[in-house]
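data_9.csv (CSV, C-alpha atoms and all ligand atoms)
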```csv
chain,number,residue,atom,x,y,z
T,690,MET,CA,95.6,66.5,106.4
T,691,LYS,CA,92.7,68.5,105.1
T,692,HIS,CA,92.9,72.4,105.4
T,693,THR,CA,90.1,74.9,105.2
T,694,ILE,CA,91.3,78.2,103.8
T,695,THR,CA,89.5,81.5,103.3
T,696,LEU,CA,89.9,82.6,99.6
T,697,ILE,CA,89.4,86.2,98.6
T,698,PRO,CA,89.6,86.6,94.9
T,699,GLY,CA,89.8,90.5,95.1
T,700,ASP,CA,89.4,93.1,92.4
T,701,GLY,CA,90.9,93.8,89.0
T,702,ILE,CA,93.3,91.0,88.0
T,703,GLY,CA,92.6,89.4,91.4
T,704,PRO,CA,90.1,86.7,90.2
T,705,GLU,CA,92.3,85.7,87.2
T,706,ILE,CA,95.5,85.3,89.2
T,707,VAL,CA,93.8,83.7,92.2
T,708,ALA,CA,92.0,81.2,90.0
T,709,ALA,CA,95.3,80.2,88.4
T,710,THR,CA,97.0,79.8,91.8
T,711,VAL,CA,94.2,77.7,93.2
T,712,ARG,CA,94.5,75.3,90.2
T,713,ILE,CA,98.2,75.0,90.6
T,714,ILE,CA,98.0,74.4,94.3
T,715,GLU,CA,95.3,71.8,93.9
T,716,ALA,CA,97.4,70.1,91.2
T,717,SER,CA,100.0,69.4,93.9
T,718,GLY,CA,97.4,67.1,95.5
T,719,VAL,CA,97.2,69.0,98.8
T,720,ASP,CA,93.8,68.6,100.4
T,721,ILE,CA,92.2,72.1,100.7
T,722,GLU,CA,88.6,73.2,101.0
T,723,TRP,CA,88.3,76.9,100.0
T,724,GLU,CA,85.8,79.2,101.6
T,725,THR,CA,85.3,82.1,99.2
T,726,HIS,CA,84.6,85.5,100.6
T,727,ILE,CA,84.6,89.1,99.4
T,728,LEU,CA,85.9,92.5,100.7
T,729,GLY,CA,86.1,96.1,99.6
T,730,ALA,CA,83.9,97.6,96.8
T,731,GLN,CA,82.2,94.2,96.1
T,732,ALA,CA,81.3,93.8,99.8
T,733,GLN,CA,80.1,97.4,100.0
T,734,GLU,CA,77.6,96.6,97.3
T,735,LYS,CA,76.4,93.3,98.8
T,736,TYR,CA,76.6,93.9,102.6
T,737,GLY,CA,76.9,97.7,102.9
T,738,THR,CA,80.4,97.4,104.5
T,739,THR,CA,83.8,97.0,103.0
T,740,LEU,CA,85.0,94.6,105.8
T,741,PRO,CA,82.1,92.2,106.3
T,742,GLU,CA,81.9,90.3,109.6
T,743,GLU,CA,81.5,87.0,107.6
T,744,THR,CA,84.9,87.4,105.9
T,745,ILE,CA,86.7,88.4,109.1
T,746,ALA,CA,85.0,85.5,111.0
T,747,SER,CA,86.0,83.0,108.2
T,748,ILE,CA,89.7,84.1,108.5
T,749,LYS,CA,89.6,83.9,112.3
T,750,ARG,CA,88.1,80.4,112.2
T,751,ASN,CA,90.4,79.1,109.5
T,752,LYS,CA,93.5,81.1,110.6
T,753,VAL,CA,94.7,81.2,107.0
T,754,ALA,CA,93.6,83.2,103.9
T,755,LEU,CA,94.8,83.6,100.4
T,756,LYS,CA,93.8,87.0,99.2
T,757,GLY,CA,93.8,88.8,95.8
T,758,PRO,CA,94.5,92.5,95.5
T,759,GLN,CA,91.8,95.0,96.6
T,760,MET,CA,91.2,98.3,94.9
T,761,THR,CA,91.3,101.4,97.1
T,762,PRO,CA,89.9,104.7,95.8
T,763,ILE,CA,92.6,107.5,95.8
T,764,GLY,CA,92.0,110.7,97.8
T,765,LYS,CA,88.3,110.0,98.5
T,766,GLY,CA,85.9,107.1,99.1
T,767,PHE,CA,86.3,104.2,101.6
T,768,THR,CA,89.5,103.7,103.5
T,769,SER,CA,91.9,100.8,102.5
T,770,VAL,CA,90.4,97.4,103.3
T,771,ASN,CA,93.9,96.0,103.3
T,772,VAL,CA,94.8,98.3,106.1
T,773,GLY,CA,91.4,97.5,107.8
T,774,LEU,CA,91.9,93.8,107.5
T,775,ARG,CA,95.5,93.9,108.9
T,776,LYS,CA,94.3,96.0,111.8
T,777,SER,CA,91.2,94.0,112.6
T,778,LEU,CA,93.1,90.7,112.6
T,779,ASP,CA,96.2,92.3,114.2
T,780,LEU,CA,98.4,91.0,111.3
T,781,TYR,CA,101.4,92.8,112.6
T,782,ALA,CA,104.2,91.3,110.5
T,783,ASN,CA,104.2,91.8,106.7
T,784,VAL,CA,106.9,89.5,105.4
T,785,ARG,CA,108.0,90.1,101.8
T,786,PRO,CA,110.8,87.9,100.5
T,787,VAL,CA,112.7,89.4,97.5
T,788,LYS,CA,114.4,86.8,95.4
T,789,ALA,CA,115.2,86.8,91.7
T,790,LEU,CA,113.8,84.1,89.4
T,791,PRO,CA,115.6,82.4,86.5
T,792,ASN,CA,115.3,84.1,83.0
T,793,VAL,CA,113.9,87.3,84.4
T,794,LYS,CA,115.8,90.3,83.2
T,795,CYS,CA,116.6,92.3,86.3
T,796,ARG,CA,119.3,94.3,87.9
T,797,TYR,CA,120.2,91.8,90.6
T,798,PRO,CA,119.7,88.1,89.6
T,799,GLU,CA,121.5,86.9,92.7
T,800,LEU,CA,119.5,89.0,95.2
T,801,ASP,CA,117.9,87.2,98.1
T,802,LEU,CA,116.6,89.4,101.0
T,803,VAL,CA,113.5,89.8,103.1
T,804,VAL,CA,111.6,93.0,103.9
T,805,MET,CA,109.8,92.8,107.2
T,806,ARG,CA,107.3,95.6,107.5
T,807,GLU,CA,105.3,96.6,110.7
T,808,ASN,CA,101.7,96.4,109.6
T,809,THR,CA,99.5,98.0,112.2
T,810,GLU,CA,100.5,101.5,113.0
T,811,ASP,CA,102.7,104.5,111.9
T,812,LEU,CA,101.0,107.0,109.5
T,813,TYR,CA,98.8,104.1,108.3
T,814,ALA,CA,96.7,104.5,111.5
T,815,GLY,CA,94.7,106.9,109.2
T,816,LEU,CA,94.4,109.5,111.9
T,817,GLU,CA,94.1,112.7,109.7
T,818,HIS,CA,92.1,115.8,110.2
T,819,VAL,CA,91.8,119.3,108.9
T,820,VAL,CA,93.2,121.7,111.6
T,821,VAL,CA,92.0,124.8,109.7
T,822,PRO,CA,91.2,125.0,106.0
T,823,GLY,CA,94.4,124.5,104.1
T,824,VAL,CA,96.2,122.8,107.0
T,825,VAL,CA,95.9,119.0,107.5
T,826,GLU,CA,97.4,117.0,110.4
T,827,SER,CA,98.2,113.3,110.0
T,828,LEU,CA,99.3,111.4,113.1
T,829,LYS,CA,102.2,109.0,113.1
T,830,ILE,CA,101.7,106.5,115.9
T,831,ILE,CA,104.7,104.4,117.0
T,832,THR,CA,104.4,102.2,120.1
T,833,GLU,CA,106.9,100.2,122.1
T,834,LYS,CA,104.7,97.1,121.9
T,835,ALA,CA,104.4,97.1,118.1
T,836,SER,CA,108.0,98.1,117.5
T,837,THR,CA,109.2,95.3,119.9
T,838,ARG,CA,107.1,92.6,118.4
T,839,ILE,CA,108.1,93.3,114.7
T,840,ALA,CA,111.8,93.4,115.7
T,841,LYS,CA,111.3,90.1,117.6
T,842,TYR,CA,109.5,88.6,114.6
T,843,GLY,CA,112.4,89.8,112.3
T,844,PHE,CA,115.1,88.2,114.5
T,845,GLU,CA,113.1,85.0,115.0
T,846,TYR,CA,112.6,84.8,111.3
T,847,ALA,CA,116.3,85.3,110.7
T,848,ARG,CA,117.2,82.6,113.2
T,849,ALA,CA,114.6,80.1,111.8
T,850,ASN,CA,115.7,80.7,108.2
T,851,GLY,CA,119.4,80.8,108.6
T,852,ARG,CA,119.7,84.5,107.9
T,853,LYS,CA,122.8,86.3,109.3
T,854,LYS,CA,121.9,90.0,109.6
T,855,VAL,CA,118.9,92.1,110.5
T,856,THR,CA,118.9,95.8,109.7
T,857,ALA,CA,116.5,98.4,111.2
T,858,VAL,CA,115.5,101.1,108.7
T,859,HIS,CA,114.4,104.5,110.1
T,860,LYS,CA,114.7,108.3,110.1
T,861,ALA,CA,115.5,108.7,113.8
T,862,ASN,CA,117.9,111.6,113.0
T,863,ILE,CA,114.8,113.7,112.3
T,864,MET,CA,111.9,111.9,114.0
T,865,LYS,CA,113.9,111.5,117.2
T,866,LEU,CA,111.0,110.3,119.4
T,867,SER,CA,108.9,108.1,117.1
T,868,ASP,CA,111.7,106.5,115.0
T,869,GLY,CA,114.0,106.8,118.0
T,870,LEU,CA,111.6,104.5,119.9
T,871,PHE,CA,111.4,102.1,117.0
T,872,LEU,CA,115.2,101.9,116.9
T,873,ASP,CA,115.6,101.6,120.7
T,874,CYS,CA,113.2,98.6,120.7
T,875,PHE,CA,115.1,97.0,117.8
T,876,TYR,CA,118.4,97.1,119.6
T,877,GLU,CA,116.8,95.9,122.9
T,878,VAL,CA,115.4,92.9,121.1
T,879,ALA,CA,118.7,92.3,119.3
T,880,LYS,CA,120.4,91.5,122.6
T,881,GLN,CA,118.4,88.3,122.7
T,882,PHE,CA,119.9,87.2,119.4
T,883,PRO,CA,123.6,87.5,119.8
T,884,GLU,CA,124.4,85.2,116.9
T,885,ILE,CA,122.7,87.5,114.4
T,886,GLU,CA,124.3,90.8,113.4
T,887,ALA,CA,122.1,93.8,114.0
T,888,ASP,CA,122.6,97.2,112.4
T,889,ASP,CA,120.6,100.1,111.2
T,890,LYS,CA,120.4,102.5,108.2
T,891,ILE,CA,118.6,105.8,107.7
T,892,ILE,CA,115.9,105.3,105.2
T,893,ASP,CA,117.1,107.6,102.4
T,894,ASN,CA,120.6,106.2,102.5
T,895,CYS,CA,119.1,102.7,102.7
T,896,CYS,CA,117.2,103.3,99.4
T,897,MET,CA,120.4,104.4,97.7
T,898,GLN,CA,122.3,101.4,99.1
T,899,LEU,CA,119.6,99.0,98.0
T,900,VAL,CA,119.9,100.3,94.4
T,901,MET,CA,123.7,100.3,94.4
T,902,ARG,CA,124.8,97.4,96.7
T,903,PRO,CA,121.7,95.4,97.8
T,904,GLU,CA,123.8,92.3,98.6
T,905,GLN,CA,124.8,93.9,101.9
T,906,PHE,CA,121.3,93.4,103.2
T,907,ASP,CA,119.7,90.2,104.5
T,908,VAL,CA,116.5,91.0,106.6
T,909,LEU,CA,115.2,94.5,106.8
T,910,VAL,CA,112.8,95.6,109.6
T,911,LEU,CA,110.8,98.8,108.9
T,912,GLU,CA,107.9,100.8,110.1
T,913,ASN,CA,104.7,100.6,108.0
T,914,LEU,CA,105.2,103.5,105.5
T,915,TYR,CA,108.9,102.9,104.9
T,916,GLY,CA,108.2,99.2,104.5
T,917,ASP,CA,105.5,99.8,102.0
T,918,ILE,CA,107.8,101.9,99.8
T,919,VAL,CA,111.0,99.9,100.2
T,920,SER,CA,109.3,96.6,99.4
T,921,ASP,CA,108.2,98.0,96.0
T,922,LEU,CA,111.7,99.3,95.4
T,923,CYS,CA,113.0,95.8,96.2
T,924,ALA,CA,110.5,94.3,93.8
T,925,GLY,CA,112.0,96.6,91.1
T,926,LEU,CA,115.4,95.2,91.8
T,927,ILE,CA,114.3,91.6,90.9
T,928,GLY,CA,112.2,92.3,87.9
T,929,GLY,CA,109.0,94.0,89.0
T,930,LEU,CA,105.8,93.8,91.1
T,931,GLY,CA,104.5,90.7,89.3
T,932,LEU,CA,107.2,88.7,91.1
T,933,ALA,CA,106.9,89.8,94.8
T,934,PRO,CA,105.0,87.7,97.2
T,935,GLY,CA,103.9,88.6,100.8
T,936,ALA,CA,102.5,87.2,104.0
T,937,ASN,CA,100.7,89.1,106.7
T,938,ILE,CA,101.2,87.3,110.0
T,939,GLY,CA,99.6,87.8,113.4
T,940,GLU,CA,98.4,85.8,116.5
T,941,LEU,CA,94.8,85.5,115.1
T,942,GLY,CA,95.8,84.3,111.6
T,943,ALA,CA,97.8,84.7,108.5
T,944,VAL,CA,96.8,86.3,105.2
T,945,PHE,CA,98.9,85.6,102.1
T,946,GLU,CA,98.9,88.1,99.2
T,947,ALA,CA,101.0,89.6,96.4
T,948,VAL,CA,102.7,92.9,97.0
T,949,HIS,CA,101.1,94.4,93.8
T,950,GLY,CA,97.7,95.9,93.5
T,951,SER,CA,94.6,95.1,91.3
T,952,ALA,CA,96.3,96.4,88.1
T,953,PRO,CA,93.1,97.8,86.6
T,954,ASP,CA,95.0,98.7,83.4
T,955,ILE,CA,95.3,95.0,82.4
T,956,ALA,CA,92.3,93.5,84.3
T,957,GLY,CA,90.0,91.1,82.4
T,958,GLN,CA,92.5,90.6,79.5
T,959,GLY,CA,93.9,87.2,80.8
T,960,ILE,CA,97.5,88.5,80.6
T,961,ALA,CA,98.3,89.1,84.3
T,962,ASN,CA,101.3,87.4,85.8
T,963,PRO,CA,100.2,85.2,88.7
T,964,THR,CA,103.7,84.5,90.0
T,965,ALA,CA,103.5,86.8,93.0
T,966,ILE,CA,100.3,85.4,94.3
T,967,LEU,CA,101.5,81.9,93.5
T,968,MET,CA,104.6,82.5,95.5
T,969,SER,CA,102.4,83.8,98.3
T,970,GLY,CA,100.5,80.5,98.0
T,971,ILE,CA,103.8,78.6,98.3
T,972,LEU,CA,104.6,80.6,101.5
T,973,MET,CA,101.1,79.6,102.6
T,974,LEU,CA,101.7,75.9,102.0
T,975,ARG,CA,104.9,76.2,104.1
T,976,HIS,CA,103.0,77.9,106.8
T,977,LEU,CA,100.5,75.0,106.8
T,978,GLY,CA,103.3,72.5,107.1
T,979,GLU,CA,102.8,71.2,103.6
T,980,THR,CA,106.5,71.4,102.8
T,981,ASP,CA,106.4,68.6,100.1
T,982,ALA,CA,103.6,70.3,98.1
T,983,ALA,CA,105.3,73.7,98.5
T,984,ASP,CA,108.6,72.2,97.2
T,985,ARG,CA,106.9,70.6,94.2
T,986,VAL,CA,105.0,73.7,93.2
T,987,GLU,CA,108.1,75.8,93.6
T,988,ARG,CA,110.2,73.5,91.6
T,989,ALA,CA,107.6,73.3,88.8
T,990,MET,CA,107.4,77.1,88.8
T,991,LEU,CA,111.2,77.5,88.7
T,992,ASP,CA,111.3,74.9,85.8
T,993,VAL,CA,108.9,77.1,83.8
T,994,PHE,CA,111.0,80.1,84.4
T,995,ALA,CA,114.2,78.3,83.5
T,996,ASP,CA,112.6,77.0,80.3
T,997,GLY,CA,111.6,80.6,79.6
T,998,THR,CA,109.2,79.8,76.7
T,999,THR,CA,105.9,80.3,78.6
T,1000,LEU,CA,106.3,83.6,80.4
T,1001,THR,CA,103.7,86.4,80.6
T,1002,ARG,CA,103.9,89.7,78.8
T,1003,ASP,CA,105.3,91.7,81.7
T,1004,LEU,CA,108.4,89.4,81.5
T,1005,GLY,CA,108.7,89.8,77.7
T,1006,GLY,CA,106.8,86.6,76.9
T,1007,ASN,CA,103.4,86.2,75.3
T,1008,ALA,CA,101.8,83.5,77.5
T,1009,SER,CA,98.4,84.2,79.0
T,1010,THR,CA,97.7,83.7,82.7
T,1011,VAL,CA,96.1,80.3,81.9
T,1012,ASP,CA,99.0,79.2,79.6
T,1013,PHE,CA,101.5,80.0,82.4
T,1014,ALA,CA,99.4,78.1,85.0
T,1015,ASN,CA,99.0,75.1,82.6
T,1016,ALA,CA,102.8,75.0,82.1
T,1017,ILE,CA,103.4,74.8,85.8
T,1018,ILE,CA,100.6,72.2,86.3
T,1019,SER,CA,102.1,70.0,83.6
T,1020,LYS,CA,105.4,70.0,85.4
T,1021,ILE,CA,103.9,69.2,88.9
T,1022,GLY,CA,102.9,65.9,87.4
T,1023,THR,CA,100.0,65.0,89.8
T,1024,GLY,CA,96.4,65.9,90.1
T,1025,GLU,CA,94.6,68.2,87.7
T,1026,LYS,CA,95.2,68.0,83.9
T,1027,ALA,CA,96.2,71.3,82.2
T,1028,SER,CA,93.2,72.9,80.5
T,1029,ALA,CA,92.6,75.7,78.0
J,1,LIG,P1,99.4,97.9,90.8
J,1,LIG,O1,100.4,97.1,91.5
J,1,LIG,O2,98.0,97.4,90.7
J,1,LIG,O3,99.9,98.1,89.3
J,1,LIG,C1,101.2,98.8,89.0
J,1,LIG,C2,101.7,98.4,87.6
J,1,LIG,O4,102.2,97.0,87.7
J,1,LIG,C3,100.6,98.4,86.5
J,1,LIG,O5,101.1,98.8,85.3
J,1,LIG,C4,100.1,96.9,86.5
J,1,LIG,O6,99.6,96.5,85.2
J,1,LIG,C5,101.4,96.2,86.8
J,1,LIG,N1,101.2,94.9,87.5
J,1,LIG,C6,100.8,94.8,88.8
J,1,LIG,N2,100.6,93.5,89.0
J,1,LIG,C7,100.9,92.8,87.9
J,1,LIG,C8,100.8,91.4,87.6
J,1,LIG,N3,100.5,90.5,88.4
J,1,LIG,N4,101.1,91.1,86.3
J,1,LIG,C9,101.4,92.0,85.4
J,1,LIG,N5,101.5,93.3,85.6
J,1,LIG,C10,101.2,93.7,86.9
J,1,LIG,O7,99.4,99.4,91.4
J,1,LIG,P2,98.4,100.6,91.3
J,1,LIG,O8,98.1,100.8,89.8
J,1,LIG,O9,99.1,101.7,92.0
J,1,LIG,O10,97.2,100.3,92.1
J,1,LIG,C11,95.9,99.8,91.6
J,1,LIG,C12,95.0,99.5,92.7
J,1,LIG,O11,95.5,98.4,93.5
J,1,LIG,C13,94.7,100.7,93.6
J,1,LIG,O12,93.3,100.7,93.9
J,1,LIG,C14,95.5,100.3,94.9
J,1,LIG,O13,95.0,100.9,96.0
J,1,LIG,C15,95.4,98.8,94.9
J,1,LIG,N6,96.5,98.1,95.7
J,1,LIG,C16,96.1,97.0,96.4
J,1,LIG,C17,97.0,96.3,97.1
J,1,LIG,C18,96.6,95.1,97.8
J,1,LIG,O14,95.4,94.7,97.7
J,1,LIG,N7,97.5,94.5,98.6
J,1,LIG,C19,98.5,96.7,97.0
J,1,LIG,C20,98.8,97.8,96.2
J,1,LIG,C21,97.8,98.5,95.5
```

How does this structure look as structure tokens?
Ligand code: NAI
Amino acid sequence: MKHTITLIPGDGIGPEIVAATVRIIEASGVDIEWETHILGAQAQEKYGTTLPEETIASIKRNKVALKGPQMTPIGKGFTSVNVGLRKSLDLYANVRPVKALPNVKCRYPELDLVVMRENTEDLYAGLEHVVVPGVVESLKIITEKASTRIAKYGFEYARANGRKKVTAVHKANIMKLSDGLFLDCFYEVAKQFPEIEADDKIIDNCCMQLVMRPEQFDVLVLENLYGDIVSDLCAGLIGGLGLAPGANIGELGAVFEAVHGSAPDIAGQGIANPTAILMSGILMLRHLGETDAADRVERAMLDVFADGTTLTRDLGGNASTVDFANAIISKIGTGEKASA
């Protein structure tokens, strides 16, 4: 079956790692037509807006996008296009699997958990204003609707993927109303999934537990801000941001992207690690029902990690982005030949 997919190369290292991923996916023989679009600073220059209608319409039409990281200016300039995209497509569930890979030095080689982050509200609503000079108010929005649907997604994901436990992470001891609502919704939904253990942890304790005994966790369900922070923490447990994939899922479509950003410090040098976006691409293939292609790409990638001689610099190797992609392509064994 042929798939049409929106492709957003992104900023910084985005075009390098996205190009490597596209080559690897195509080498699996899966039939994909890519519709390339832009967002953010590039779109601002071309269309005068960071979220062009053409890009949004393409994702809505195709229902699936593979997206490179987008740069967001700090403290000034345009608001995050990632947040804007998630809001405009109502991509409410941000799914971030955390699983260690062979030959990667990390604290927890056996770790296998999933961070499920609510993607549309919380402090990320971006509702900030100056009350009087020197005093700024930022509004945290938590709704029953969004809290219920992320909890439901978390439990449904657990059921579909043979996971045994779902943990809500919160600070309801302090934010009794907002985080309290999030937690109430979680336990209300949990009643519909009696075979899955449900529990909760206060965010600060959860961070310590993740560092000391992460094996106690299976699926974590979090509000937007906590989910953002905890997913980077979890990436650190398995060897770093270069290895953490993600999927943003909603009723209108699904956008697959790495957890990491545009890495401006190494952009254009051909040394970025494409693993996180490749693993996001594997999640995308599974979402499309291309299980065989997903399995073959994943096996080839795991073989390259197990072999350990063609890893990128962030993992202690000296392979370039292209070398790494070529090594995977040569192990997939169909389609495109490896190239320099
Ligand atoms: P970052 O994730 O881009 O980089 C953090 C560190 O990790 C850097 O030292 C970088 O070189 C390294 N790193 C990240 N990805 C890597 C990879 N694939 N291979 C090897 N090393 C890698 O985070 P930072 O520097 O805080 O943000 C840079 C920009 O990215 C900002 O404008 C930020 O807003 C944006 N960003 C975008 C995201 C997205 O589009 N989903 C997510 C996070 C940040």

Need the shell around segment 947-953 of chain T: protein/DNA/RNA residues with any atom at most 7 Å away, counting all atoms listed in the file. Skip same-chain ones fewer than 2 positions apart. Format as a list in words?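 So the residues in contact are Asp700, Gly701, Ile702, Gly703, Pro758, Gln759, Met760, Leu930, Gly931, Ala933, Pro934, Gly935, Ile955, Ala956, Ala965, Ile966 and Ser969 of chain T.
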
Residues within 8 Å of Phe871 of chain T, please, as a VMD selection string. Count only C-alpha atoms; anything in the same chain fewer than 2 positions from it doesn't count. chain T and resid 831 to 833 836 to 837 859 867 to 869 873 to 875 912

Considering only C-alpha atoms, return as a list in words whatever protein or nucleic-acid residues lie within 12 Å of Glu817 of chain T, sequence-local ones (same chain, fewer than 3 positions apart) excluded.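 After dropping sequence-adjacent residues, the list is Thr768, Leu812, Tyr813, Ala814, Val820, Val824, Val825, Glu826, Ser827, Leu828, Lys829 and Ile830 of chain T.
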
Can you work out which one of T:Thr744, T:Ser769, T:Thr739, T:Gln905 has the shortest atom-to-atom distance to ligand LIG 1 (chain J), counting only C-alpha atoms and all ligand atoms? T:Ser769

Who sits within 7 Å of Val787 of chain T, only C-alpha atoms, same chain under 6 positions skipped, as a list in words: Asp801, Leu802, Val803, Cys923, Ala924 and Ala933 of chain T

For the residues selected in the previous step, produce a file with C-alpha atoms as a tab-separated table (two decimals), in the coordinates of the input.
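Result saved to part_21.tsv:
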```tsv
chain	number	residue	atom	x	y	z
T	801	ASP	CA	117.90	87.20	98.10
T	802	LEU	CA	116.60	89.40	101.00
T	803	VAL	CA	113.50	89.80	103.10
T	923	CYS	CA	113.00	95.80	96.20
T	924	ALA	CA	110.50	94.30	93.80
T	933	ALA	CA	106.90	89.80	94.80
```

Quick one: of T:Phe767, T:Tyr781, T:Phe906, T:Phe844, who's nearest to ligand LIG 1 (chain J), counting all atoms listed in the file?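 Closest candidate: T:Phe767.
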
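The smallest atom-to-atom distance between ligand LIG 1 (chain J) and any of T:Thr761, T:Ser920, T:Thr1001, T:Thr710, using all atoms listed in the file, is found for T:Thr761.
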
From the options T:Asp720, T:Ile714, T:Val910, T:Asp981, which residue's atoms come nearest to Lys691 of chain T, counting all atoms listed in the file? T:Asp720

Choose the residue, out of T:Ala936, T:Leu866, T:Ile892, T:Val944, that has the smallest atom-to-atom separation from Ser747 of chain T; count all atoms listed in the file.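 Looking at the shortest contact to Ser747 of chain T, the residue is T:Val944.
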
Contacts of Asp779 of chain T at 10 Å or less, counting only C-alpha atoms, minus same-chain residues fewer than 3 places along, as a list in words?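 That gives Gly773, Leu774, Arg775, Lys776, Ala782, Asn808, Thr809, Asn937, Ile938, Gly939, Glu940, Leu941, Gly942 and Ala943 of chain T.
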
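Going from atom CA of Asn771 of chain T over to atom C16 of ligand LIG 1 (chain J), you cover 7.3 Å.
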
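For the pair atom CA of Asp917 of chain T and atom CA of Ala709 of chain T, the separation is 25.9 Å.
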
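Each of T:Val793, T:Ala879, T:Leu899, T:Val719 was checked against Gly1006 of chain T using all atoms listed in the file; the smallest atom-to-atom distance is that of T:Val793.
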